[in-house]
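S.K.: Before I ask anything, let me first share the structure, which is written out below as structure tokens.
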Amino acid sequence: MTNKFTLLFILISMTQFAQTKTEFKGKNVKVSFNENIDSEKVSIKLVEGTWNMTLFPLFENNSIVENGFPSEAGIYNLIINYSDNLYYNEIALYRMKPEFEEISFDFYHDSGKIFCRIKSDYAQELNKEIVMNKFDEETQKIINSVKQ
């Protein structure tokens with residue numbers, strides 16, 4: 001009986017390790033995806049301001065954007081997009097210059113939804129696990145009309 005339990009444990013462990021993960025690493029940003037996430041559909045940005053906005057792309061076109069991270073303290077809006085129909089939005093406060101920030105995004109697919117574990121050294125409010133949201137019908141219509 002113990003041999004069967006040991007064998008079952010080894011098989012489960014091997015399955016866990018067999019899951020492949022794609023990882024991108026830059027100076028301030030690390031982004032990883034499990035095998036069920038298409039990394040080419042993901043974009044991550046920090047946005048400063050409301051009317052005169054400054055975009056700081058962190059990840060787009062399947063790669064980390066080097067030197068894209070902001071260098072000044074301030075209030076930023078984190079925007080994560082997946083394809084044309086999923087998004088996540090969060091306000092982040094950098095009380096001091098985030099020059100040594102290490103922020104990571106770990107995307108995975110579970111129960112038909114896309115999740116992301118976010119970890120930040122400087123912006124504590126970003127330390128959470130989130131689920132990507134669908135755009136409401138009105139916003140989706142606007143997006144589709146702009147694409148045409």
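Identifiers for the structure tokens are assigned positionally: chains receive A, B, ... in sequence, residues are indexed from 1 per chain, and ligands are indexed from 1 in the order shown.
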Report the residues of chain A whose backbone DSSP state falls under alpha helix (DSSP H), written as a PyMOL selection string.
M.R.: chain A and resi 2-18+137-147
S.K.: Quick one: pick out all strand (DSSP E or B) residues within stretch 4-148 of chain A from a backbone DSSP run and write them as a ChimeraX atom specification.
M.R.: /A:21-25,29-34,42-48,54-60,63-64,74-82,86-94,103-110,113-120,128-131,133-134
S.K.: Give me the residues near A:Leu46 as JSON, numbers by chain, where near means some atom within 7 Å (using only C-alpha atoms) and where sequence neighbours in that chain fewer than 6 positions away do not count.
M.R.: {"A": [55, 56, 57, 76, 77, 78, 79]}
S.K.: Could you write out the selected residues, including N, CA and C atoms, as an mmCIF file, in the first residue's frame?
M.R.:
```cif
data_model
loop_
_atom_site.group_PDB
_atom_site.id
_atom_site.type_symbol
_atom_site.label_atom_id
_atom_site.label_comp_id
_atom_site.auth_asym_id
_atom_site.auth_seq_id
_atom_site.Cartn_x
_atom_site.Cartn_y
_atom_site.Cartn_z
ATOM 1 N N LEU A 55 2.609 57.440 -20.604
ATOM 2 C CA LEU A 55 2.558 55.975 -20.612
ATOM 3 C C LEU A 55 3.941 55.404 -20.338
ATOM 4 N N PHE A 56 3.978 54.394 -19.481
ATOM 5 C CA PHE A 56 5.201 53.650 -19.201
ATOM 6 C C PHE A 56 4.922 52.191 -19.509
ATOM 7 N N PRO A 57 5.164 51.760 -20.748
ATOM 8 C CA PRO A 57 4.911 50.354 -21.089
ATOM 9 C C PRO A 57 5.937 49.459 -20.389
ATOM 10 N N TYR A 76 0.261 56.215 -9.961
ATOM 11 C CA TYR A 76 0.210 55.605 -11.281
ATOM 12 C C TYR A 76 -0.995 54.681 -11.365
ATOM 13 N N ASN A 77 -1.439 54.461 -12.573
ATOM 14 C CA ASN A 77 -2.525 53.539 -12.829
ATOM 15 C C ASN A 77 -1.929 52.331 -13.553
ATOM 16 N N LEU A 78 -2.020 51.149 -12.952
ATOM 17 C CA LEU A 78 -1.550 49.918 -13.583
ATOM 18 C C LEU A 78 -2.662 49.392 -14.472
ATOM 19 N N ILE A 79 -2.337 49.159 -15.740
ATOM 20 C CA ILE A 79 -3.326 48.647 -16.689
ATOM 21 C C ILE A 79 -2.765 47.377 -17.322
#
```
S.K.: Would you give me, as a Markdown table, each residue of stretch 106-140 of chain A having an atom within 12 Å of an atom of stretch 59-75 of chain A, along with its shortest atom pair and that distance in Å to one decimal, using only C-alpha atoms and sorting by chain and residue number?
M.R.:
```
| residue | atom | partner | partner_atom | distance |
| --- | --- | --- | --- | --- |
| A:Tyr122 | CA | A:Ala73 | CA | 10.3 |
| A:Ala123 | CA | A:Ile75 | CA | 10.0 |
| A:Glu125 | CA | A:Ile75 | CA | 11.9 |
```
S.K.: Of the residues A:Asn28, A:Asn89, A:Ser120, A:Ser83, which is the one nearest to A:Lys45, using only C-alpha atoms?
M.R.: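 Answer, going by the shortest atom-to-atom distance: A:Asn89.
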S.K.: Stretch 96-110 of chain A: which residues within 7 Å, counting only C-alpha atoms, same-chain residues fewer than 4 positions away excluded, as a PyMOL selection string?
M.R.: chain A and resi 28-34+36-37+71-73+114-122
S.K.: Find the residue from A:Gly26, A:Lys41, A:Glu35, A:Glu137 that sits nearest to A:Asp84; use only C-alpha atoms when measuring.
M.R.: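 For A:Asp84, the nearest of the candidates is A:Lys41.
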S.K.: Determine the nearest neighbour of A:Ile130 from the options A:Glu90, A:Lys27, A:Arg95, A:Glu48, counting only C-alpha atoms.
M.R.: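 Smallest distance to A:Ile130 is found for A:Glu90.
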S.K.: Neighbours of A:Asn85 within 8 Å (only C-alpha atoms; same-chain residues fewer than 6 positions away dropped), as a CSV table (one decimal) with all heavy atoms, in the first residue's frame?
M.R.:
```csv
chain,number,residue,atom,x,y,z
A,134,LYS,N,-13.8,41.0,-17.9
A,134,LYS,CA,-14.3,41.3,-19.2
A,134,LYS,C,-14.8,42.7,-19.3
A,134,LYS,O,-15.3,43.3,-18.3
A,134,LYS,CB,-15.5,40.4,-19.6
A,134,LYS,CG,-15.0,38.9,-19.8
A,134,LYS,CD,-16.2,38.1,-20.3
A,134,LYS,CE,-15.7,36.7,-20.6
A,134,LYS,NZ,-16.7,35.9,-21.3
A,135,PHE,N,-14.6,43.3,-20.5
A,135,PHE,CA,-15.2,44.7,-20.7
A,135,PHE,C,-16.7,44.6,-20.7
A,135,PHE,O,-17.2,43.6,-21.2
A,135,PHE,CB,-14.7,45.2,-22.0
A,135,PHE,CG,-13.2,45.7,-22.0
A,135,PHE,CD1,-12.3,45.0,-22.7
A,135,PHE,CD2,-12.9,46.8,-21.3
A,135,PHE,CE1,-11.0,45.4,-22.7
A,135,PHE,CE2,-11.5,47.2,-21.3
A,135,PHE,CZ,-10.6,46.5,-22.0
A,140,GLN,N,-17.0,47.3,-25.0
A,140,GLN,CA,-16.7,46.4,-26.0
A,140,GLN,C,-17.1,46.9,-27.4
A,140,GLN,O,-16.4,46.8,-28.4
A,140,GLN,CB,-17.2,45.0,-25.8
A,140,GLN,CG,-16.6,43.9,-26.6
A,140,GLN,CD,-15.2,43.7,-26.4
A,140,GLN,OE1,-14.7,43.5,-25.3
A,140,GLN,NE2,-14.4,43.7,-27.5
```
S.K.: As a list in words, please: the residues near A:Lys113 (cut-off 9 Å, only C-alpha atoms, same-chain neighbours under 6 positions excluded).
M.R.: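 Contacts, with the query itself left out: Val131, Met132 and Asn133 of chain A.
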S.K.: Please produce a file of the residues just selected, as a PDB file, in the first residue's frame, where the atoms kept are all heavy atoms.
M.R.:
```
ATOM      1  N   VAL A 131      -8.095  38.579 -10.885  1.00  0.00           N
ATOM      2  CA  VAL A 131      -8.707  37.882 -12.015  1.00  0.00           C
ATOM      3  C   VAL A 131      -8.953  38.931 -13.095  1.00  0.00           C
ATOM      4  O   VAL A 131      -9.353  40.059 -12.804  1.00  0.00           O
ATOM      5  CB  VAL A 131     -10.012  37.157 -11.608  1.00  0.00           C
ATOM      6  CG1 VAL A 131     -11.060  38.127 -11.118  1.00  0.00           C
ATOM      7  CG2 VAL A 131     -10.549  36.320 -12.748  1.00  0.00           C
ATOM      8  N   MET A 132      -8.651  38.572 -14.317  1.00  0.00           N
ATOM      9  CA  MET A 132      -8.862  39.498 -15.430  1.00  0.00           C
ATOM     10  C   MET A 132     -10.362  39.641 -15.687  1.00  0.00           C
ATOM     11  O   MET A 132     -11.100  38.655 -15.708  1.00  0.00           O
ATOM     12  CB  MET A 132      -8.155  38.981 -16.689  1.00  0.00           C
ATOM     13  CG  MET A 132      -6.639  38.826 -16.532  1.00  0.00           C
ATOM     14  SD  MET A 132      -5.770  40.367 -16.282  1.00  0.00           S
ATOM     15  CE  MET A 132      -5.950  41.096 -17.888  1.00  0.00           C
ATOM     16  N   ASN A 133     -10.827  40.890 -15.866  1.00  0.00           N
ATOM     17  CA  ASN A 133     -12.244  41.200 -16.052  1.00  0.00           C
ATOM     18  C   ASN A 133     -12.587  41.345 -17.524  1.00  0.00           C
ATOM     19  O   ASN A 133     -11.750  41.786 -18.315  1.00  0.00           O
ATOM     20  CB  ASN A 133     -12.585  42.526 -15.356  1.00  0.00           C
ATOM     21  CG  ASN A 133     -12.236  42.508 -13.901  1.00  0.00           C
ATOM     22  OD1 ASN A 133     -12.673  41.647 -13.174  1.00  0.00           O
ATOM     23  ND2 ASN A 133     -11.416  43.465 -13.478  1.00  0.00           N
TER      24      ASN A 133
END
```
S.K.: Could you give me, as a list in words, the residues within 12 Å of A:Asp136, counting only C-alpha atoms and dropping anything in the same chain fewer than 5 positions from it?
M.R.: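 Everything that qualifies: Asp84, Asn85, Leu86, Tyr87, Lys141, Ile142 and Ile143 of chain A.
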S.K.: With C-alpha atoms retained, export the selected residues as a PDB file, in the first residue's frame.
M.R.:
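So the final result, stored in again_2.pdb, reads:
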```pdb
ATOM      1  CA  ASP A  84      -9.175  42.697 -26.757  1.00  0.00           C
ATOM      2  CA  ASN A  85     -11.651  41.585 -24.149  1.00  0.00           C
ATOM      3  CA  LEU A  86      -9.971  41.209 -20.733  1.00  0.00           C
ATOM      4  CA  TYR A  87      -8.387  43.865 -18.528  1.00  0.00           C
ATOM      5  CA  LYS A 141     -18.803  48.133 -28.700  1.00  0.00           C
ATOM      6  CA  ILE A 142     -16.539  51.189 -28.548  1.00  0.00           C
ATOM      7  CA  ILE A 143     -13.417  49.023 -28.867  1.00  0.00           C
TER       8      ILE A 143
END
```
